[in-house]
>>> print(open('coords.pdb').read())   # PDB, C-alpha atoms
ATOM      1  CA  MET A   1     -84.366  98.878  55.834
ATOM      2  CA  LYS A   2     -88.093  99.412  55.388
ATOM      3  CA  HIS A   3     -88.803  95.854  56.602
ATOM      4  CA  ALA A   4     -86.678  96.399  59.705
ATOM      5  CA  ARG A   5     -88.617  99.570  60.574
ATOM      6  CA  THR A   6     -91.957  97.789  60.137
ATOM      7  CA  ALA A   7     -90.790  94.939  62.357
ATOM      8  CA  SER A   8     -89.636  97.378  65.066
ATOM      9  CA  LEU A   9     -92.963  99.175  64.945
ATOM     10  CA  PHE A  10     -94.787  95.867  65.242
ATOM     11  CA  VAL A  11     -92.728  94.824  68.295
ATOM     12  CA  LEU A  12     -93.250  98.232  69.897
ATOM     13  CA  SER A  13     -97.011  98.038  69.324
ATOM     14  CA  ALA A  14     -97.095  94.553  70.817
ATOM     15  CA  ILE A  15     -95.213  95.728  73.926
ATOM     16  CA  VAL A  16     -97.537  98.731  74.378
ATOM     17  CA  ALA A  17    -100.617  96.542  73.901
ATOM     18  CA  SER A  18     -99.367  93.953  76.424
ATOM     19  CA  ALA A  19     -98.495  96.657  78.956
ATOM     20  CA  SER A  20    -101.922  98.285  78.657
ATOM     21  CA  LEU A  21    -103.589  94.873  78.934
ATOM     22  CA  LEU A  22    -101.668  94.135  82.123
ATOM     23  CA  ALA A  23    -102.486  97.564  83.513
ATOM     24  CA  THR A  24    -106.205  97.205  82.850
ATOM     25  CA  SER A  25    -106.411  93.642  84.102
ATOM     26  CA  GLY A  26    -104.710  94.551  87.389
ATOM     27  CA  CYS A  27    -107.138  97.284  88.446
ATOM     28  CA  GLY A  28    -110.189  95.961  90.257
ATOM     29  CA  THR A  29    -109.573  92.382  89.189
ATOM     30  CA  VAL A  30    -110.539  89.742  91.715
ATOM     31  CA  ASN A  31    -109.237  86.264  92.339
ATOM     32  CA  THR A  32    -111.847  83.730  93.411
ATOM     33  CA  THR A  33    -111.323  80.695  95.609
ATOM     34  CA  SER A  34    -113.910  77.963  95.915
ATOM     35  CA  THR A  35    -113.914  74.454  97.324
ATOM     36  CA  ARG A  36    -116.643  73.235  94.999
ATOM     37  CA  THR A  37    -115.302  71.462  91.925
ATOM     38  CA  ALA A  38    -118.488  69.769  90.741
ATOM     39  CA  PRO A  39    -121.837  71.317  89.772
ATOM     40  CA  ALA A  40    -124.384  71.809  92.564
ATOM     41  CA  ASP A  41    -126.984  69.082  93.132
ATOM     42  CA  SER A  42    -129.710  71.455  91.928
ATOM     43  CA  ALA A  43    -127.780  72.442  88.777
ATOM     44  CA  ILE A  44    -129.718  72.122  85.533
ATOM     45  CA  ASP A  45    -128.868  72.301  81.845
ATOM     46  CA  ALA A  46    -129.595  75.566  80.060
ATOM     47  CA  LYS A  47    -129.174  76.821  76.508
ATOM     48  CA  THR A  48    -128.264  80.335  75.390
ATOM     49  CA  ARG A  49    -129.065  82.040  72.115
ATOM     50  CA  VAL A  50    -126.096  84.320  71.472
ATOM     51  CA  ASN A  51    -126.795  87.661  69.809
ATOM     52  CA  ASP A  52    -123.950  89.573  71.408
ATOM     53  CA  LEU A  53    -120.703  87.689  70.894
ATOM     54  CA  PHE A  54    -118.615  89.999  73.093
ATOM     55  CA  GLN A  55    -121.020  89.459  75.933
ATOM     56  CA  GLU A  56    -120.796  85.710  75.476
ATOM     57  CA  ILE A  57    -116.998  85.843  75.559
ATOM     58  CA  PHE A  58    -116.556  88.176  78.508
ATOM     59  CA  LEU A  59    -119.762  87.789  80.470
ATOM     60  CA  SER A  60    -121.178  84.320  80.611
ATOM     61  CA  ALA A  61    -123.776  82.450  82.620
ATOM     62  CA  LYS A  62    -122.005  79.439  84.091
ATOM     63  CA  GLU A  63    -124.061  77.322  86.433
ATOM     64  CA  VAL A  64    -127.832  77.451  86.635
ATOM     65  CA  ARG A  65    -129.532  76.075  89.740
ATOM     66  CA  MET A  66    -133.219  75.671  90.446
ATOM     67  CA  ASN A  67    -134.898  74.605  93.632
ATOM     68  CA  ARG A  68    -138.175  75.067  95.458
ATOM     69  CA  THR A  69    -138.188  77.646  98.268
ATOM     70  CA  LYS A  70    -139.542  77.124 101.772
ATOM     71  CA  GLY A  71    -142.560  79.238 100.849
ATOM     72  CA  GLY A  72    -143.449  77.169  97.775
ATOM     73  CA  PRO A  73    -142.402  79.018  94.597
ATOM     74  CA  MET A  74    -139.343  78.007  92.584
ATOM     75  CA  GLU A  75    -136.085  79.914  92.895
ATOM     76  CA  VAL A  76    -133.398  80.135  90.229
ATOM     77  CA  GLN A  77    -129.780  81.115  90.782
ATOM     78  CA  VAL A  78    -127.393  81.819  87.903
ATOM     79  CA  ASP A  79    -123.634  82.290  88.294
ATOM     80  CA  VAL A  80    -122.424  85.013  85.945
ATOM     81  CA  GLU A  81    -118.678  85.217  85.358
ATOM     82  CA  ASN A  82    -116.706  88.135  83.995
ATOM     83  CA  ASN A  83    -113.757  86.842  81.991
ATOM     84  CA  GLY A  84    -112.922  90.276  80.607
ATOM     85  CA  PHE A  85    -110.308  92.753  81.736
ATOM     86  CA  SER A  86    -112.576  95.415  83.186
ATOM     87  CA  TYR A  87    -115.539  95.883  85.494
ATOM     88  CA  ARG A  88    -118.691  94.876  83.638
ATOM     89  CA  THR A  89    -122.110  96.355  84.218
ATOM     90  CA  PHE A  90    -125.086  94.462  82.955
ATOM     91  CA  ALA A  91    -128.842  94.318  83.280
ATOM     92  CA  TYR A  92    -130.874  91.159  83.539
ATOM     93  CA  ARG A  93    -134.490  90.120  83.676
ATOM     94  CA  PHE A  94    -136.129  86.845  84.570
ATOM     95  CA  ASP A  95    -139.495  85.896  83.103
ATOM     96  CA  TRP A  96    -141.281  82.952  84.653
ATOM     97  CA  VAL A  97    -143.423  80.521  82.683
ATOM     98  CA  ASP A  98    -145.968  77.951  83.774
ATOM     99  CA  ALA A  99    -145.907  74.232  82.953
ATOM    100  CA  SER A 100    -147.536  74.942  79.570
ATOM    101  CA  GLY A 101    -144.844  77.456  78.674
ATOM    102  CA  ASN A 102    -147.009  80.560  79.041
ATOM    103  CA  VAL A 103    -145.284  83.614  80.487
ATOM    104  CA  LEU A 104    -146.676  84.649  83.872
ATOM    105  CA  GLN A 105    -147.263  88.383  84.107
ATOM    106  CA  SER A 106    -145.596  89.602  87.257
ATOM    107  CA  GLN A 107    -144.300  92.672  89.047
ATOM    108  CA  THR A 108    -141.157  90.726  89.873
ATOM    109  CA  SER A 109    -140.202  90.524  86.212
ATOM    110  CA  VAL A 110    -138.259  93.779  85.981
ATOM    111  CA  TRP A 111    -134.840  94.752  84.650
ATOM    112  CA  LYS A 112    -132.212  94.844  87.365
ATOM    113  CA  SER A 113    -128.682  96.159  86.960
ATOM    114  CA  THR A 114    -125.576  94.879  88.640
ATOM    115  CA  ASN A 115    -121.857  94.712  87.994
ATOM    116  CA  VAL A 116    -119.120  92.190  88.354
ATOM    117  CA  PRO A 117    -115.383  92.800  88.638
ATOM    118  CA  SER A 118    -112.870  91.417  86.194
ATOM    119  CA  GLY A 119    -112.171  87.766  86.956
ATOM    120  CA  GLY A 120    -115.039  87.661  89.405
ATOM    121  CA  SER A 121    -118.509  86.250  89.415
ATOM    122  CA  THR A 122    -121.872  87.192  90.822
ATOM    123  CA  VAL A 123    -125.033  85.264  91.519
ATOM    124  CA  ILE A 124    -128.233  86.644  90.064
ATOM    125  CA  ARG A 125    -131.410  85.105  91.372
ATOM    126  CA  SER A 126    -135.135  85.269  91.079
ATOM    127  CA  VAL A 127    -138.092  83.796  92.913
ATOM    128  CA  ALA A 128    -141.154  82.816  90.903
ATOM    129  CA  PRO A 129    -144.266  84.947  91.406
ATOM    130  CA  THR A 130    -146.498  81.940  92.160
ATOM    131  CA  ASP A 131    -146.227  78.243  92.972
ATOM    132  CA  ASP A 132    -147.479  77.482  89.429
ATOM    133  CA  ALA A 133    -144.304  78.744  87.764
ATOM    134  CA  ALA A 134    -142.302  75.818  86.435
ATOM    135  CA  ASP A 135    -139.535  77.322  84.360
ATOM    136  CA  PHE A 136    -137.888  80.634  83.522
ATOM    137  CA  ARG A 137    -136.208  82.672  80.809
ATOM    138  CA  LEU A 138    -133.268  84.964  81.495
ATOM    139  CA  GLN A 139    -132.196  87.922  79.379
ATOM    140  CA  ILE A 140    -128.818  89.540  79.983
ATOM    141  CA  ARG A 141    -127.828  92.818  78.428
ATOM    142  CA  ARG A 142    -124.421  94.380  78.970
ATOM    143  CA  ALA A 143    -123.570  98.055  79.215
ATOM    144  CA  ASP A 144    -121.187  99.490  76.634
ATOM    145  CA  THR A 145    -118.544 100.220  79.258
TER     146      THR A 145
ATOM    147  CA  MET B   1    -113.031 119.162  45.711
ATOM    148  CA  ARG B   2    -116.456 117.643  45.250
ATOM    149  CA  THR B   3    -115.478 114.567  47.311
ATOM    150  CA  THR B   4    -114.248 116.798  50.135
ATOM    151  CA  THR B   5    -117.540 118.723  50.178
ATOM    152  CA  ILE B   6    -119.593 115.504  50.319
ATOM    153  CA  ALA B   7    -117.400 114.099  53.116
ATOM    154  CA  ALA B   8    -117.711 117.326  55.106
ATOM    155  CA  SER B   9    -121.501 117.375  54.684
ATOM    156  CA  LEU B  10    -121.771 113.757  55.805
ATOM    157  CA  SER B  11    -119.616 114.413  58.860
ATOM    158  CA  LEU B  12    -121.770 117.397  59.813
ATOM    159  CA  ALA B  13    -124.944 115.347  59.404
ATOM    160  CA  VAL B  14    -123.538 112.592  61.640
ATOM    161  CA  LEU B  15    -122.513 115.148  64.263
ATOM    162  CA  ALA B  16    -125.964 116.772  64.167
ATOM    163  CA  LEU B  17    -127.639 113.389  64.634
ATOM    164  CA  ALA B  18    -125.390 112.537  67.551
ATOM    165  CA  ALA B  19    -125.949 115.879  69.248
ATOM    166  CA  CYS B  20    -129.742 115.726  69.594
ATOM    167  CA  GLU B  21    -131.675 112.779  70.921
ATOM    168  CA  ARG B  22    -135.309 112.710  69.933
ATOM    169  CA  ALA B  23    -137.939 111.751  72.473
ATOM    170  CA  ARG B  24    -138.913 108.105  72.264
ATOM    171  CA  TYR B  25    -140.757 105.518  74.283
ATOM    172  CA  VAL B  26    -138.744 103.157  76.445
ATOM    173  CA  GLU B  27    -139.960 100.207  78.430
ATOM    174  CA  THR B  28    -140.874 101.314  81.953
ATOM    175  CA  GLY B  29    -138.074 100.333  84.299
ATOM    176  CA  SER B  30    -135.736  99.652  81.406
ATOM    177  CA  PRO B  31    -131.978 100.028  81.998
ATOM    178  CA  GLU B  32    -132.105 102.592  79.181
ATOM    179  CA  GLY B  33    -133.893 105.010  81.515
ATOM    180  CA  ILE B  34    -132.351 108.050  83.190
ATOM    181  CA  ILE B  35    -130.213 107.300  86.238
ATOM    182  CA  SER B  36    -130.253 110.070  88.852
ATOM    183  CA  VAL B  37    -127.570 110.130  91.514
ATOM    184  CA  ASN B  38    -129.559 112.266  93.940
ATOM    185  CA  ASP B  39    -133.036 110.870  93.401
ATOM    186  CA  VAL B  40    -134.967 107.659  93.552
ATOM    187  CA  ASP B  41    -135.715 106.656  89.965
ATOM    188  CA  PHE B  42    -138.715 104.697  88.817
ATOM    189  CA  GLN B  43    -136.561 101.674  88.043
ATOM    190  CA  ASP B  44    -135.393 101.755  91.690
ATOM    191  CA  ILE B  45    -138.995 101.527  92.879
ATOM    192  CA  LEU B  46    -139.669  98.612  90.539
ATOM    193  CA  LYS B  47    -136.552  96.802  91.754
ATOM    194  CA  ALA B  48    -137.506  97.383  95.382
ATOM    195  CA  SER B  49    -141.038  96.158  94.813
ATOM    196  CA  SER B  50    -139.733  93.076  93.005
ATOM    197  CA  GLY B  51    -137.268  92.289  95.805
ATOM    198  CA  MET B  52    -139.993  92.597  98.442
ATOM    199  CA  LEU B  53    -142.400  90.354  96.535
ATOM    200  CA  GLU B  54    -139.739  87.712  95.964
ATOM    201  CA  SER B  55    -138.892  87.682  99.650
ATOM    202  CA  LEU B  56    -142.556  87.405 100.655
ATOM    203  CA  GLY B  57    -142.945  84.466  98.273
ATOM    204  CA  GLU B  58    -139.855  82.550  99.303
ATOM    205  CA  THR B  59    -140.539  82.827 103.033
ATOM    206  CA  GLY B  60    -144.174  81.809 102.641
ATOM    207  CA  VAL B  61    -145.185  84.085 105.506
ATOM    208  CA  LEU B  62    -148.555  84.932 103.966
ATOM    209  CA  LYS B  63    -149.487  81.239 103.957
ATOM    210  CA  THR B  64    -149.258  81.179 107.769
ATOM    211  CA  ALA B  65    -152.269  83.500 108.123
ATOM    212  CA  ARG B  66    -155.563  82.338 109.609
ATOM    213  CA  HIS B  67    -157.456  83.651 106.610
ATOM    214  CA  LYS B  68    -156.907  82.208 103.145
ATOM    215  CA  PRO B  69    -155.864  84.416 101.438
ATOM    216  CA  ALA B  70    -154.146  86.408 104.161
ATOM    217  CA  GLN B  71    -155.857  89.668 105.071
ATOM    218  CA  LEU B  72    -153.494  92.594 104.992
ATOM    219  CA  ILE B  73    -153.685  96.233 105.952
ATOM    220  CA  ILE B  74    -151.270  98.720 104.453
ATOM    221  CA  GLY B  75    -149.912 100.959 107.191
ATOM    222  CA  ASP B  76    -147.595 103.946 107.003
ATOM    223  CA  ILE B  77    -144.585 103.732 104.755
ATOM    224  CA  VAL B  78    -142.443 106.787 105.371
ATOM    225  CA  ASN B  79    -140.331 108.343 102.649
ATOM    226  CA  ASP B  80    -137.420 109.691 104.689
ATOM    227  CA  THR B  81    -135.324 110.671 101.663
ATOM    228  CA  SER B  82    -134.795 114.004  99.950
ATOM    229  CA  SER B  83    -136.278 112.498  96.799
ATOM    230  CA  ARG B  84    -139.949 113.271  96.281
ATOM    231  CA  PHE B  85    -142.097 110.380  95.102
ATOM    232  CA  ASP B  86    -145.298 108.650  96.123
ATOM    233  CA  VAL B  87    -144.696 105.496  98.189
ATOM    234  CA  GLY B  88    -147.911 104.183  96.644
ATOM    235  CA  GLU B  89    -145.796 103.457  93.551
ATOM    236  CA  LEU B  90    -144.131 100.772  95.653
ATOM    237  CA  THR B  91    -147.111  99.430  97.566
ATOM    238  CA  TYR B  92    -149.611  99.363  94.718
ATOM    239  CA  ARG B  93    -147.292  97.201  92.639
ATOM    240  CA  MET B  94    -146.958  94.789  95.506
ATOM    241  CA  ARG B  95    -150.710  94.809  96.095
ATOM    242  CA  GLU B  96    -151.412  94.155  92.445
ATOM    243  CA  GLN B  97    -149.316  91.022  92.493
ATOM    244  CA  LEU B  98    -150.442  89.739  95.905
ATOM    245  CA  VAL B  99    -154.148  90.399  95.445
ATOM    246  CA  ASN B 100    -154.449  89.348  91.801
ATOM    247  CA  SER B 101    -152.562  86.095  92.374
ATOM    248  CA  GLY B 102    -154.731  85.259  95.400
ATOM    249  CA  GLN B 103    -151.898  85.393  97.941
ATOM    250  CA  ALA B 104    -153.398  88.223  99.994
ATOM    251  CA  ALA B 105    -156.470  90.391 100.306
ATOM    252  CA  VAL B 106    -155.976  94.023 101.259
ATOM    253  CA  VAL B 107    -158.418  95.394 103.848
ATOM    254  CA  THR B 108    -159.253  98.948 102.867
ATOM    255  CA  THR B 109    -161.887  99.614 105.539
ATOM    256  CA  PHE B 110    -159.859  99.238 108.704
ATOM    257  CA  GLY B 111    -159.075 101.761 111.452
ATOM    258  CA  ASN B 112    -159.626 105.458 111.931
ATOM    259  CA  THR B 113    -158.017 106.385 108.624
ATOM    260  CA  PRO B 114    -159.334 103.779 106.217
ATOM    261  CA  GLU B 115    -158.261 103.843 102.612
ATOM    262  CA  ASP B 116    -161.888 103.560 101.505
ATOM    263  CA  LYS B 117    -164.118 105.602 103.833
ATOM    264  CA  GLN B 118    -167.259 104.983 101.799
ATOM    265  CA  ALA B 119    -166.836 101.207 101.967
ATOM    266  CA  GLN B 120    -166.313 101.464 105.712
ATOM    267  CA  GLU B 121    -169.524 103.495 106.068
ATOM    268  CA  VAL B 122    -171.465 100.881 104.088
ATOM    269  CA  LEU B 123    -170.084  98.146 106.355
ATOM    270  CA  ARG B 124    -171.089 100.084 109.479
ATOM    271  CA  ARG B 125    -174.559 100.670 108.085
ATOM    272  CA  GLU B 126    -174.988  96.945 107.329
ATOM    273  CA  LYS B 127    -173.855  96.102 110.820
ATOM    274  CA  PHE B 128    -176.253  98.622 112.326
ATOM    275  CA  LEU B 129    -179.198  97.296 110.284
ATOM    276  CA  LYS B 130    -178.433  93.766 111.444
ATOM    277  CA  GLY B 131    -178.315  94.944 115.046
ATOM    278  CA  GLU B 132    -174.699  93.902 115.537
ATOM    279  CA  THR B 133    -172.665  95.763 118.093
ATOM    280  CA  ALA B 134    -169.381  93.892 117.998
ATOM    281  CA  GLU B 135    -166.778  94.491 115.282
ATOM    282  CA  PRO B 136    -167.131  91.411 113.063
ATOM    283  CA  LEU B 137    -165.467  92.930 110.039
ATOM    284  CA  PRO B 138    -162.745  93.301 109.045
ATOM    285  CA  ASP B 139    -160.253  91.039 110.818
ATOM    286  CA  PRO B 140    -156.820  91.464 109.217
ATOM    287  CA  ASP B 141    -153.934  89.057 109.768
ATOM    288  CA  PHE B 142    -151.001  91.328 109.013
ATOM    289  CA  SER B 143    -150.109  94.982 108.737
ATOM    290  CA  LEU B 144    -147.450  96.256 106.377
ATOM    291  CA  THR B 145    -145.321  99.218 107.438
ATOM    292  CA  GLY B 146    -141.997 100.554 106.292
ATOM    293  CA  LYS B 147    -139.501 103.275 105.689
ATOM    294  CA  ILE B 148    -137.281 104.456 102.845
ATOM    295  CA  THR B 149    -134.010 106.048 103.899
ATOM    296  CA  GLN B 150    -130.900 107.437 102.251
ATOM    297  CA  VAL B 151    -127.202 107.794 103.003
ATOM    298  CA  LYS B 152    -125.353 110.304 100.835
ATOM    299  CA  ARG B 153    -121.621 110.891 100.586
ATOM    300  CA  THR B 154    -119.342 112.896  98.301
ATOM    301  CA  ALA B 155    -115.674 112.712  97.346
ATOM    302  CA  GLY B 156    -114.683 115.743  95.315
ATOM    303  CA  ASP B 157    -117.189 115.989  92.483
ATOM    304  CA  THR B 158    -118.298 112.390  92.846
ATOM    305  CA  LYS B 159    -121.535 111.747  94.673
ATOM    306  CA  GLN B 160    -122.771 108.482  96.104
ATOM    307  CA  ALA B 161    -126.271 107.799  97.372
ATOM    308  CA  THR B 162    -127.611 104.616  98.909
ATOM    309  CA  TYR B 163    -131.370 104.287  99.112
ATOM    310  CA  THR B 164    -132.706 101.619 101.443
ATOM    311  CA  PHE B 165    -136.258 100.343 101.176
ATOM    312  CA  ARG B 166    -137.354  98.445 104.272
ATOM    313  CA  LEU B 167    -140.713  96.837 104.900
ATOM    314  CA  THR B 168    -142.062  94.965 107.900
ATOM    315  CA  LEU B 169    -145.047  92.670 108.214
ATOM    316  CA  THR B 170    -146.505  92.477 111.708
ATOM    317  CA  ASN B 171    -148.697  89.579 112.757
ATOM    318  CA  LEU B 172    -151.762  91.281 114.232
ATOM    319  CA  ARG B 173    -152.693  88.188 116.301
ATOM    320  CA  THR B 174    -149.404  88.256 118.192
ATOM    321  CA  GLY B 175    -148.125  91.789 117.636
ATOM    322  CA  ILE B 176    -144.805  90.279 116.597
ATOM    323  CA  GLU B 177    -142.847  91.008 113.456
ATOM    324  CA  ALA B 178    -143.446  88.141 111.035
ATOM    325  CA  TRP B 179    -141.319  89.267 108.095
ATOM    326  CA  THR B 180    -138.928  92.061 107.285
ATOM    327  CA  LYS B 181    -136.868  92.864 104.243
ATOM    328  CA  THR B 182    -134.443  95.547 103.114
ATOM    329  CA  VAL B 183    -133.547  96.314  99.519
ATOM    330  CA  ASP B 184    -130.561  98.622  98.920
ATOM    331  CA  MET B 185    -129.655 100.611  95.856
ATOM    332  CA  THR B 186    -126.386 102.499  95.538
ATOM    333  CA  LYS B 187    -125.685 105.010  92.799
ATOM    334  CA  LEU B 188    -122.391 106.741  92.097
ATOM    335  CA  GLY B 189    -121.480 109.544  89.716
ATOM    336  CA  ASN B 190    -121.159 113.279  89.369
ATOM    337  CA  LYS B 191    -124.224 113.910  87.245
ATOM    338  CA  ASN B 192    -127.377 112.203  86.063
ATOM    339  CA  ALA B 193    -127.051 110.062  82.984
ATOM    340  CA  VAL B 194    -129.055 108.073  80.476
ATOM    341  CA  GLY B 195    -128.752 104.351  81.131
ATOM    342  CA  PHE B 196    -127.574 101.717  78.688
TER     343      PHE B 196
END
>>> encode(input="coords.pdb", output="structure tokens")
Amino acid sequence: MKHARTASLFVLSAIVASASLLATSGCGTVNTTSTRTAPADSAIDAKTRVNDLFQEIFLSAKEVRMNRTKGGPMEVQVDVENNGFSYRTFAYRFDWVDASGNVLQSQTSVWKSTNVPSGGSTVIRSVAPTDDAADFRLQIRRADT
Amino acid sequence: MRTTTIAASLSLAVLALAACERARYVETGSPEGIISVNDVDFQDILKASSGMLESLGETGVLKTARHKPAQLIIGDIVNDTSSRFDVGELTYRMREQLVNSGQAAVVTTFGNTPEDKQAQEVLRREKFLKGETAEPLPDPDFSLTGKITQVKRTAGDTKQATYTFRLTLTNLRTGIEAWTKTVDMTKLGNKNAVGF
């Protein structure tokens, strides 16, 4: 008798959890269509040191592209995808480094906030402060909500 | 009984800690800073300045100037919002980057309302002593002007404000706009909040 009650409670909890999951995933979720199936020509390899596992699961940097702008300095574009069930707000900051790996002090290296809907993606980008910048570092920090 | 008392004391201590937030230093422009719905925050100015500098760099407009580095005069930048702040917070950050990296030189002795009157007087005196009558100095390539505007809307208790920073660079040889950029910031909420 006791086992039957526990099983019923478990099934009920599972139904409630699934219903709430469906409800949350439906609101503000976007579907994305794209014709590109391969990485861009300017796509480069990048590594991420994960300190926030939830961020890595739900909010992840997918493709990283780098190219030189018409004006001379390098530009980086990073596709950030939200695989979670709710709108995600996050802040990001690019720091540019020269060929020797030294960070270039710059007024362009500031925290910027943006958000991305569930199932959607956004492109965050930065242009290097000078033509000498050769590489970059990106920090992403999510909001609690 | 004793366990209950300890638990209650601990709970009260936790509540007291949560209720008051002590003053602390945060990184300027950090997302932890206060977000105001009805005002331009400092992080907004930093973002606008960053967006403008990135656009100037990627277009390479300053490299088209006759002078190397390009000579620039800072014109009027009008704050047409209800938020009170000094537009110099925007322009000085841009100047710092452009001048210190050798991309531009700001002329501070130009026109009837020069930024540095004393320097302009010294230049005029030098010119007079040399017997020059024409205006050899300065000879800027571009002037920077702009405007900051706002659009505010409400729905019930919820307020939304969009602040638009727009700057224009005019080529002083041709009188034609050489570069323009807008940076928008939209904030939504019913009261100011601490960031994340």
>>> resolve_selection(input="coords.pdb", expression="the PyMOL selection byres ((chain B and resi 30-44) around 9)", output="PyMOL selection string")
(chain A and resi 90-91+110-113) or (chain B and resi 26-29+45-49+81-85+89+152+159-161+163+185-196)
>>> atom_distance(input="coords.pdb", atom1="atom CA of Phe136 of chain A", atom2="atom CA of Thr59 of chain B")
19.8 Å
>>> atom_distance(input="coords.pdb", atom1="atom CA of Thr182 of chain B", atom2="atom CA of Glu63 of chain A")
26.8 Å
>>> closest_atom_pairs(input="coords.pdb", of="chain A", to="chain B", cutoff="10 Å", atoms="all atoms listed in the file", output="JSON lines")
{"residue": "A:Arg68", "atom": "CA", "partner": "B:Glu58", "partner_atom": "CA", "distance": 8.6}
{"residue": "A:Thr69", "atom": "CA", "partner": "B:Glu58", "partner_atom": "CA", "distance": 5.3}
{"residue": "A:Lys70", "atom": "CA", "partner": "B:Thr59", "partner_atom": "CA", "distance": 5.9}
{"residue": "A:Gly71", "atom": "CA", "partner": "B:Gly60", "partner_atom": "CA", "distance": 3.5}
{"residue": "A:Gly72", "atom": "CA", "partner": "B:Glu58", "partner_atom": "CA", "distance": 6.6}
{"residue": "A:Pro73", "atom": "CA", "partner": "B:Glu58", "partner_atom": "CA", "distance": 6.4}
{"residue": "A:Met74", "atom": "CA", "partner": "B:Glu58", "partner_atom": "CA", "distance": 8.1}
{"residue": "A:Glu75", "atom": "CA", "partner": "B:Glu58", "partner_atom": "CA", "distance": 7.9}
{"residue": "A:Thr89", "atom": "CA", "partner": "B:Phe196", "partner_atom": "CA", "distance": 9.4}
{"residue": "A:Phe90", "atom": "CA", "partner": "B:Phe196", "partner_atom": "CA", "distance": 8.8}
{"residue": "A:Ala91", "atom": "CA", "partner": "B:Pro31", "partner_atom": "CA", "distance": 6.6}
{"residue": "A:Tyr92", "atom": "CA", "partner": "B:Pro31", "partner_atom": "CA", "distance": 9.1}
{"residue": "A:Arg93", "atom": "CA", "partner": "B:Ser30", "partner_atom": "CA", "distance": 9.9}
{"residue": "A:Gln105", "atom": "CA", "partner": "B:Gln97", "partner_atom": "CA", "distance": 9.0}
{"residue": "A:Ser106", "atom": "CA", "partner": "B:Gln97", "partner_atom": "CA", "distance": 6.6}
{"residue": "A:Gln107", "atom": "CA", "partner": "B:Ser50", "partner_atom": "CA", "distance": 6.1}
{"residue": "A:Thr108", "atom": "CA", "partner": "B:Ser50", "partner_atom": "CA", "distance": 4.2}
{"residue": "A:Ser109", "atom": "CA", "partner": "B:Ser50", "partner_atom": "CA", "distance": 7.3}
{"residue": "A:Val110", "atom": "CA", "partner": "B:Lys47", "partner_atom": "CA", "distance": 6.7}
{"residue": "A:Trp111", "atom": "CA", "partner": "B:Ser30", "partner_atom": "CA", "distance": 5.9}
{"residue": "A:Lys112", "atom": "CA", "partner": "B:Lys47", "partner_atom": "CA", "distance": 6.5}
{"residue": "A:Ser113", "atom": "CA", "partner": "B:Pro31", "partner_atom": "CA", "distance": 7.1}
{"residue": "A:Arg125", "atom": "CA", "partner": "B:Glu54", "partner_atom": "CA", "distance": 9.9}
{"residue": "A:Ser126", "atom": "CA", "partner": "B:Glu54", "partner_atom": "CA", "distance": 7.1}
{"residue": "A:Val127", "atom": "CA", "partner": "B:Glu54", "partner_atom": "CA", "distance": 5.2}
{"residue": "A:Ala128", "atom": "CA", "partner": "B:Glu54", "partner_atom": "CA", "distance": 7.2}
{"residue": "A:Pro129", "atom": "CA", "partner": "B:Glu54", "partner_atom": "CA", "distance": 7.0}
{"residue": "A:Thr130", "atom": "CA", "partner": "B:Ser101", "partner_atom": "CA", "distance": 7.4}
{"residue": "A:Asp131", "atom": "CA", "partner": "B:Gly57", "partner_atom": "CA", "distance": 8.8}
{"residue": "A:Arg141", "atom": "CA", "partner": "B:Phe196", "partner_atom": "CA", "distance": 8.9}
{"residue": "A:Arg142", "atom": "CA", "partner": "B:Phe196", "partner_atom": "CA", "distance": 8.0}
{"residue": "A:Ala143", "atom": "CA", "partner": "B:Phe196", "partner_atom": "CA", "distance": 5.5}
{"residue": "A:Asp144", "atom": "CA", "partner": "B:Phe196", "partner_atom": "CA", "distance": 7.1}
{"residue": "A:Thr145", "atom": "CA", "partner": "B:Phe196", "partner_atom": "CA", "distance": 9.2}
>>> resolve_selection(input="coords.pdb", expression="the PyMOL selection byres ((chain B and resi 142-147) around 6)", output="PyMOL selection string")
chain B and resi 72-79+140-141+148+166-172
>>> write_last_selection(input="coords.pdb", atoms="C-alpha atoms", output="PDB file, in the coordinates of the input")
ATOM      1  CA  LEU B  72    -153.494  92.594 104.992  1.00  0.00           C
ATOM      2  CA  ILE B  73    -153.685  96.233 105.952  1.00  0.00           C
ATOM      3  CA  ILE B  74    -151.270  98.720 104.453  1.00  0.00           C
ATOM      4  CA  GLY B  75    -149.912 100.959 107.191  1.00  0.00           C
ATOM      5  CA  ASP B  76    -147.595 103.946 107.003  1.00  0.00           C
ATOM      6  CA  ILE B  77    -144.585 103.732 104.755  1.00  0.00           C
ATOM      7  CA  VAL B  78    -142.443 106.787 105.371  1.00  0.00           C
ATOM      8  CA  ASN B  79    -140.331 108.343 102.649  1.00  0.00           C
ATOM      9  CA  PRO B 140    -156.820  91.464 109.217  1.00  0.00           C
ATOM     10  CA  ASP B 141    -153.934  89.057 109.768  1.00  0.00           C
ATOM     11  CA  ILE B 148    -137.281 104.456 102.845  1.00  0.00           C
ATOM     12  CA  ARG B 166    -137.354  98.445 104.272  1.00  0.00           C
ATOM     13  CA  LEU B 167    -140.713  96.837 104.900  1.00  0.00           C
ATOM     14  CA  THR B 168    -142.062  94.965 107.900  1.00  0.00           C
ATOM     15  CA  LEU B 169    -145.047  92.670 108.214  1.00  0.00           C
ATOM     16  CA  THR B 170    -146.505  92.477 111.708  1.00  0.00           C
ATOM     17  CA  ASN B 171    -148.697  89.579 112.757  1.00  0.00           C
ATOM     18  CA  LEU B 172    -151.762  91.281 114.232  1.00  0.00           C
TER      19      LEU B 172
END
>>> residues_around(input="coords.pdb", residues="Gly119 of chain A", least_positions_apart="3", cutoff="6 Å", atoms="all atoms listed in the file", output="ChimeraX atom specification")
/A:29-30,82-83
